[in-house]
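Okay, entry-v1.txt is below, compact mmCIF, C-alpha atoms:
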# COMPACT_ATOMS: atom_id res chain seq x y z
CA MET A 51 113.71 125.95 115.22
CA PRO A 52 116.76 123.67 115.67
CA ALA A 53 119.64 123.89 113.24
CA ALA A 54 119.63 121.26 110.50
CA SER A 55 122.38 118.67 110.46
CA SER A 56 122.97 115.50 108.49
CA ASP A 57 121.57 113.56 111.46
CA ASN A 58 118.18 115.15 110.73
CA PHE A 59 118.02 113.70 107.22
CA PRO A 60 117.96 109.88 107.25
CA PRO A 61 117.18 108.05 103.99
CA ALA A 62 113.47 108.14 103.17
CA GLU A 63 111.62 104.85 103.37
CA LEU A 64 109.86 104.66 100.01
CA ASN A 65 107.38 101.99 99.07
CA PRO A 66 108.22 99.99 95.92
CA GLU A 67 105.95 102.11 93.70
CA LEU A 68 107.57 105.39 94.79
CA LEU A 69 111.05 103.92 94.49
CA HIS A 70 110.22 102.85 90.94
CA ARG A 71 109.05 106.42 90.14
CA VAL A 72 112.34 107.84 91.43
CA GLN A 73 114.29 105.33 89.33
CA GLN A 74 112.22 106.22 86.26
CA LEU A 75 112.94 109.91 86.78
CA GLU A 76 116.66 109.12 87.11
CA SER A 77 116.52 107.33 83.76
CA GLU A 78 114.68 110.22 82.10
CA LEU A 79 117.19 112.75 83.43
CA ARG A 80 120.13 110.61 82.30
CA ALA A 81 118.67 110.37 78.80
CA ALA A 82 117.92 114.11 78.64
CA THR A 83 121.31 115.25 79.93
CA ASP A 84 123.67 112.44 78.89
CA GLU A 85 124.97 112.59 82.48
CA ASN A 86 124.99 109.96 85.23
CA ILE A 87 122.19 111.45 87.37
CA VAL A 88 121.46 109.93 90.79
CA LEU A 89 118.51 111.08 92.89
CA VAL A 90 118.59 110.65 96.65
CA ALA A 91 115.51 110.78 98.90
CA TYR A 92 115.95 111.92 102.47
CA GLN A 93 113.34 112.46 105.14
CA ASN A 94 113.50 115.73 107.08
CA GLU A 95 113.28 114.58 110.71
CA ILE A 96 112.66 118.15 111.91
CA GLU A 97 109.57 118.52 109.68
CA SER A 98 108.42 114.96 110.34
CA SER A 99 108.17 115.59 114.06
CA GLY A 100 106.15 118.76 113.46
CA ASN A 101 103.07 119.62 111.45
CA SER A 102 102.81 117.20 108.52
CA GLN A 103 100.34 119.47 106.73
CA SER A 104 103.18 121.79 105.73
CA ARG A 105 104.44 119.18 103.23
CA PRO A 106 103.23 119.45 99.64
CA GLN A 107 100.99 116.69 98.32
CA THR A 108 102.15 114.61 95.34
Can you turn what I pasted into structure tokens?
Amino acid sequence: MPAASSDNFPPAELNPELLHRVQQLESELRAATDENIVLVAYQNEIESSGNSQSRPQT
């Protein structure tokens, strides 16, 4: 398995519905922690080129 680097993790391309869910979760976490929480979604290029069945379903 190749070593992971930042080149292997480009930003994930989320559809508008999933992006909205991430933003909602950010808001919930901010309210619960009183901290400025930012969530970042990256796509693992190493996993993406392999077996997609190893990813958990949401």
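Atom CA of A:Asp57 sits 26.7 Å away from atom CA of A:Asn86.
Of note, atom CA of A:Pro60 and atom CA of A:Ser77 are spaced 23.7 Å apart.
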Just give me the gap between atom CA of A:Val90 and atom CA of A:Ala62 in Å, one decimal is fine.
8.7 Å
List the neighbours of stretch 69-72 of chain A out to 12 Å using only C-alpha atoms; skip same-chain residues closer than 5 positions along the sequence, and give me the result as a PyMOL selection string.
chain A and resi 62-64+77-79+87-91+108
I'd like the box whose edges run along x, y and z of the file and which contains every listed atom of stretch 79-97 of chain A, padded by 5 Å per side; could you state its centre and edge lengths in Å, one decimal, as AutoDock Vina command-line options?
--center_x 117.3 --center_y 114.2 --center_z 95.3 --size_x 25.4 --size_y 18.6 --size_z 43.3
